[in-house]
2 protein chains.
Amino acid sequence: MARTFCEDEGMTPQATAAPRDQRAKARNAHGDAWGALTRTHAAIVGRLQEALAAADFPPLPWYEMLATVAEAPEQRMKMGDLAEALVITRGGLTKLVDRLVKAGLLERTFCETDRRVSYATLCPAGRDLLEEMRPVVVAELKVAFASRLSTAEADALRETLERVRVSACGGQ
Amino acid sequence: MARTFCEDEGMTPQATAAPRDQRAKARNAHGDAWGALTRTHAAIVGRLQEALAAADFPPLPWYEMLATVAEAPEQRMKMGDLAEALVITRGGLTKLVDRLVKAGLLERTFCETDRRVSYATLCPAGRDLLEEMRPVVVAELKVAFASRLSTAEADALRETLERVRVSACGGQ
DNA sequence: CGCAAATAGTTGTTACAGAAACAATCGTAG
DNA sequence: CTACGATTGTTTCTGTAACAACTATTTGCG
């Protein structure tokens, strides 16, 4: 295993810390919540990548791409919308789509009314692969979330995170 | 602004979705919580990067490195522990430390009792820079977390996330 | 003691993501 | 109807991270 996203918990330095001025620092409720958020995110991403690689599937960004396009009407999305949904830049998306197109999972289609826009459209092979990958991802998420969280807690978590995201976007 | 981590919310495709079989998919409480987690994480990272860049400071990984080392006893950490704390690979850490060393923020020191291990040790310049950067980061986190969350809610969020992280690591 | 296995860190290769510059198209004001 | 600005997507360049192979040191065991 190359990744080091688990290891329950080398964070001992913090615990033993306090060698100097202990003036609150970022170690208030927000800093702690942010630390937990990053570590949890990294842990789950690592787990998903590991599971996909173990099943000899493409990496996580491919799954997210396929899943996003698959949920769109007509199984296609504008490049710009897709970049926004996946939270990557347009330049990065262009190349990511290139790879999936080369793999035969997506194809580029074009808009007749606005010849600037191009769509990433799901191919049958892409849909098939998605359906193969989905249970692997869902199973991993189930382990991560469901094993120690009730449905209500998971829902509350989602709601709280969504509120934080809005704060982070809106400015305040 | 190049990044696209806000835009309240191009997710309309999902809302209008349901063009085919609507068999639950990953769209249960776990999938939603995972989606919220990734989006919130991306939004905050984007916000922090933007704020640091705007103040003409080094990128977020440098801050996290400095902050982590600064909290360790004697302001130094073993390379391996640091990689674990920052959730990156050891190879990646070597080069990240290289950059900070070249910038005069860290220095490498060595262990006398075990000549395999080397430490990343905070330099005065690193400590100074950290203290300059800290308020920027703390302010952004405050906006993200404090503006719509009570302290109790932030703490509950941290606790819940920590539980999820343990699930993701432990296996179940 | 001596050698195999484990551990710690570095190095080289490759792939991916962001920023900025670019090209093409659209919309609209004059 | 033309010209300018805005939007959409691609391309180029650069920096960073992962992965794997490698070196060096320590540990354990016959």
# chains A, B, ... in the order shown; residues from 1 in each chain; ligands from 1

call {"tool": "closest_atom_pairs", "arguments": {"of": "chain A", "to": "chain C", "cutoff": "7 Å", "atoms": "only C-alpha atoms (C1' of nucleotides)", "output": "Markdown table"}}
result
| residue | atom | partner | partner_atom | distance |
| --- | --- | --- | --- | --- |
| A:Gly92 | CA | C:DA17 | C1' | 5.9 |
| A:Arg115 | CA | C:DT25 | C1' | 6.4 |
| A:Arg116 | CA | C:DT25 | C1' | 5.4 |

call {"tool": "residues_around", "arguments": {"residues": "region 140-153 of chain A", "least_positions_apart": "2", "cutoff": "12 Å", "atoms": "only C-alpha atoms (C1' of nucleotides)", "output": "MDAnalysis selection string"}}
result
(chainID A and resid 40:41 43:52 133:138 155:160) or (chainID B and resid 26:35 37 156:157 159:172)

call {"tool": "closest_atom_pairs", "arguments": {"of": "chain A", "to": "chain D", "cutoff": "10 Å", "atoms": "only C-alpha atoms (C1' of nucleotides)", "output": "JSON lines"}}
result
{"residue": "A:Ala2", "atom": "CA", "partner": "D:DC19", "partner_atom": "C1'", "distance": 7.9}
{"residue": "A:Arg3", "atom": "CA", "partner": "D:DA18", "partner_atom": "C1'", "distance": 8.8}
{"residue": "A:Lys78", "atom": "CA", "partner": "D:DT8", "partner_atom": "C1'", "distance": 9.6}
{"residue": "A:Met79", "atom": "CA", "partner": "D:DG9", "partner_atom": "C1'", "distance": 7.7}
{"residue": "A:Gly80", "atom": "CA", "partner": "D:DT8", "partner_atom": "C1'", "distance": 7.5}
{"residue": "A:Arg90", "atom": "CA", "partner": "D:DG9", "partner_atom": "C1'", "distance": 7.7}
{"residue": "A:Gly91", "atom": "CA", "partner": "D:DT10", "partner_atom": "C1'", "distance": 7.3}
{"residue": "A:Leu93", "atom": "CA", "partner": "D:DG9", "partner_atom": "C1'", "distance": 10.0}
{"residue": "A:Thr94", "atom": "CA", "partner": "D:DT10", "partner_atom": "C1'", "distance": 7.2}
{"residue": "A:Lys95", "atom": "CA", "partner": "D:DT10", "partner_atom": "C1'", "distance": 9.2}
{"residue": "A:Asp114", "atom": "CA", "partner": "D:DT8", "partner_atom": "C1'", "distance": 9.6}
{"residue": "A:Arg115", "atom": "CA", "partner": "D:DT8", "partner_atom": "C1'", "distance": 9.1}
{"residue": "A:Arg116", "atom": "CA", "partner": "D:DT8", "partner_atom": "C1'", "distance": 5.4}
{"residue": "A:Val117", "atom": "CA", "partner": "D:DT8", "partner_atom": "C1'", "distance": 5.9}
{"residue": "A:Ser118", "atom": "CA", "partner": "D:DG9", "partner_atom": "C1'", "distance": 7.8}

call {"tool": "write_last_selection", "arguments": {"atoms": "C-alpha atoms", "output": "compact mmCIF listing (two decimals), in the first residue's frame"}}
result
# COMPACT_ATOMS: atom_id res chain seq x y z
CA ALA A 2 1.53 3.24 -1.13
CA ARG A 3 -1.04 5.66 0.19
CA LYS A 78 -22.17 20.92 -21.81
CA MET A 79 -18.47 21.09 -21.12
CA GLY A 80 -18.82 24.17 -18.99
CA ARG A 90 -12.41 23.89 -18.13
CA GLY A 91 -8.91 23.20 -19.34
CA LEU A 93 -12.01 18.98 -18.17
CA THR A 94 -11.10 19.11 -21.84
CA LYS A 95 -8.28 16.68 -21.27
CA ASP A 114 -24.79 27.49 -30.66
CA ARG A 115 -21.73 26.22 -32.40
CA ARG A 116 -19.44 27.18 -29.54
CA VAL A 117 -20.81 24.59 -27.19
CA SER A 118 -19.95 20.93 -27.30

call {"tool": "closest_residue", "arguments": {"among": "A:Ala103, A:Ala120, A:Ala125, A:Ala70", "to": "chain B", "atoms": "only C-alpha atoms"}}
result
A:Ala70

call {"tool": "select_by_dssp", "arguments": {"residues": "region 2-168 of chain B", "states": "strand (DSSP E or B)", "output": "list in words"}}
result
Arg76, Met77, Lys78, Leu106, Glu107, Arg108, Thr109, Phe110, Ser118, Tyr119, Ala120, Thr121 and Leu122 of chain B

call {"tool": "closest_residue", "arguments": {"among": "B:Glu132, B:Ala55, B:Leu86, B:Leu60", "to": "chain A", "atoms": "only C-alpha atoms"}}
result
B:Leu86

call {"tool": "select_by_dssp", "arguments": {"residues": "region 60-145 of chain A", "states": "alpha helix (DSSP H)", "output": "PyMOL selection string"}}
result
chain A and resi 60-71+79-86+90-102+124-141

call {"tool": "closest_residue", "arguments": {"among": "A:Ala72, A:Ala54, A:Pro59, A:Thr121", "to": "chain B", "atoms": "only C-alpha atoms"}}
result
A:Ala72

call {"tool": "closest_residue", "arguments": {"among": "B:Ala85, B:Leu66, B:Cys111, B:Ala53", "to": "chain A", "atoms": "only C-alpha atoms"}}
result
B:Ala85

call {"tool": "atom_distance", "arguments": {"atom1": "CA of Glu84 (chain B)", "atom2": "CA of Asp98 (chain B)"}}
result
17.1 Å
